[in-house]
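**Q** Handing you this structure, nothing more for now.
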Amino acid sequence: MKKALIIGSGFSGCMFAMMLKKKNWDVTVFDRAPMAGGGVRTFYHGGHPYTYGPRHFIGPDSNMKAFEFLNKIVPMRHIKKMNYSYQQEEDFFASYPMHIDDVKQFKNSNKIFAELDALPKETKSKNFEEFWIGRVGKTLYERFNKYYNLKAWNLKSNTEMDYGFEATVKRKPLETGSRYEFPSEHINAYPIAHDGYNKFFDVSLKDCNMMLSTEITDIDLDKNIIYTNNDKFEGDLIVSTTSPDFLFKNCWGELNYVGREFYKIVLPIENVLPKDVYFLYYPNENEQQTRVTEFKKFTQHKSKNSLITLEVPSMKNKLYPTMIAKDVDLAQKYLDALPPKIMSVGRMGTYRYVDIDDIIMQGLQFYEEL
Ligand SMILES: Cc1cc2nc3c(=O)[nH]c(=O)nc-3n(C[C@H](O)[C@H](O)[C@H](O)COP(=O)(O)OP(=O)(O)OC[C@H]3O[C@@H](n4cnc5c(N)ncnc54)[C@H](O)[C@@H]3O)c2cc1C
């Protein structure tokens with residue numbers, strides 16, 4: 001029986017463990033945390049279920065296969081959601097994506113519409129700032145995107161974010177239709193079960209050897225051996241979900257990530273946010289948080305109180321790979337140097353902004369090729 005060693009029991013570690021088990025591999029999963037699930041595990045605060053970040057299933061129709069796969073293990077409820085963005089200058093919560101009926105109510109709406117009319121139909125962009133100004137003009141960019149992005153990615157200037165923004169930008173008309181529709185999120189769902197995706201972790205790790213509360217401290221890439229503080233394990237395949245620079249002892253430099261602090265607050269009110277509003281975005285310079293989430297909206301938890309979380313960007317943990325070309329290139333250099341029997345998958349592992357649907361698609365493709 002071939003042996004696989006998996007570093008990390010988050011969504012990607014579990015998905016790859018399940019695929020390997022289905023092909024009769026002997027699978028051992030390591031995680032420094034005492035329980036499986038990584039960032040998608042549901043925890044409880046005063047009986048209120050929550051995850052770190054909203055972690056709803058979102059994806060384009062092309063990832064429907066991923067939805068169907070997950071839905072068989074963890075039945076899902078489709079959600080109809082709106083996002084609000086706090087427009088401090090107006091003391092007004094506008095929906096996001098930007099909607100024409102909201103912008104009409106802004107004090108300087110004439111100037112904004114004149115700016116939109118004057119935009120060229122098409123322009124070239126090299127970075128986040130040019131991309132958004134090309135789409136919606138300077139004022140709306142400053143209102144909705146500028147400070148949100150600077151905060152979210154710990155940047156001094158949005159021109160630093162240059163990976164994936166070298167593009168021909170088409171002027172984007174403001175939304176006029178339903179405020180519930182998100183072009184890139186045709187599937188929008190959340191597990192029905194009170195404990196969210198937790199059953200997925202139990203099912204996928206069934207019959208695997210579990211090494212929880214066990215940190216992988218080193219790896220020998222030539223001999224396929226991973227080390228804990230007091231032991232070593234050899235495998236035919238190593239699947240890593242941690243940052244690829246770790247696998248090479250940062251030999252070409254450390255990869256940059258941005259993290260989050262999550263502040264949990266229970267409020268003495270049954271519903272905090274208006275109906276169908278799941279998130280509030282805070283795009284203003286003088287607010288630390290980027291987002292507020294009301295978990296009840298996702299979990300349907302019944303209580304006379306409600307749990308919200310505030311997400312505050314931080315450099316204390318590694319959650320989001322940047323979209324800065326020099327960081328992406330460095331990650332690629334590490335990934336290209338991996339020997340064939342070591343795979344690096346998941347969000348940190350691929351240094352890509354992958355979501356749950358992408359991870360399932362990666363896992364299903366891996367199964368086909370195994
Ligand atoms: C704040 C936030 C919100 C998000 N919201 C959504 C959303 O709404 N919808 C969506 O589809 N996607 C969302 N995502 C993305 C999605 O949740 C992630 O892409 C996915 O969960 C990543 O899973 P993973 O297994 O790659 O990583 P993780 O969940 O980070 O798991 C990695 C695991 O590896 C372990 N580990 C790391 N290093 C070691 C080591 N050396 N030794 C032992 N163990 C180790 C960690 O303890 C952790 O358990 C969000 C991401 C974030 C950060």
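To be explicit about the labels: the chains of the structure tokens are called A, B, and onward in the order shown, and within each one the residues are counted from 1, while ligands get numbers from 1 in the order they are shown.
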Pick out the residues no farther than 6 Å from ligand 1, counting only C-alpha atoms and all ligand atoms, and list them as a VMD selection string.
**A** chain A and resid 7 to 13 30 to 33 37 to 40 52 to 58 214 to 217 241 to 242 319 to 320 346 to 348 354 to 357
**Q** Quick one: pick out all alpha helix (DSSP H) residues within region 107-258 of chain A from a backbone DSSP run and write them as a VMD selection string.
**A** chain A and resid 109 to 118 128 to 136 138 to 140 147 to 152 198 to 205 244 to 247
**Q** Restricting the calculation to only C-alpha atoms, which member of A:Asn286, A:Asn305, A:Ser109, A:Gln365 is positioned closest to His45 (chain A)?
**A** A:Asn305
**Q** Please, which residues in region 158-193 of chain A fall within 6 Å of region 68-82 of chain A when counting only C-alpha atoms, and what is the closest atom pair and distance in Å to one decimal for each, ordered by chain then residue number, as a Markdown table?
**A**
| residue | atom | partner | partner_atom | distance |
| --- | --- | --- | --- | --- |
| A:Tyr180 | CA | A:Met82 | CA | 5.3 |
| A:Asn188 | CA | A:Ile79 | CA | 5.7 |
| A:Ala189 | CA | A:His78 | CA | 4.2 |
| A:Tyr190 | CA | A:Met76 | CA | 5.4 |
| A:Pro191 | CA | A:Met76 | CA | 4.2 |
| A:Ile192 | CA | A:Met76 | CA | 5.3 |
**Q** Neighbours of Gly47 (chain A) within 12 Å (only C-alpha atoms; same-chain residues fewer than 3 positions away dropped), as a list in words?
**A**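 Contacts, in chain order: Thr42, Phe43, Tyr44, Tyr50, His194, Asp195, Val266, Phe295, Lys296, Thr299, His301, Lys302, Ser303, Lys304, Asn305, Ser306 and Leu307 of chain A.
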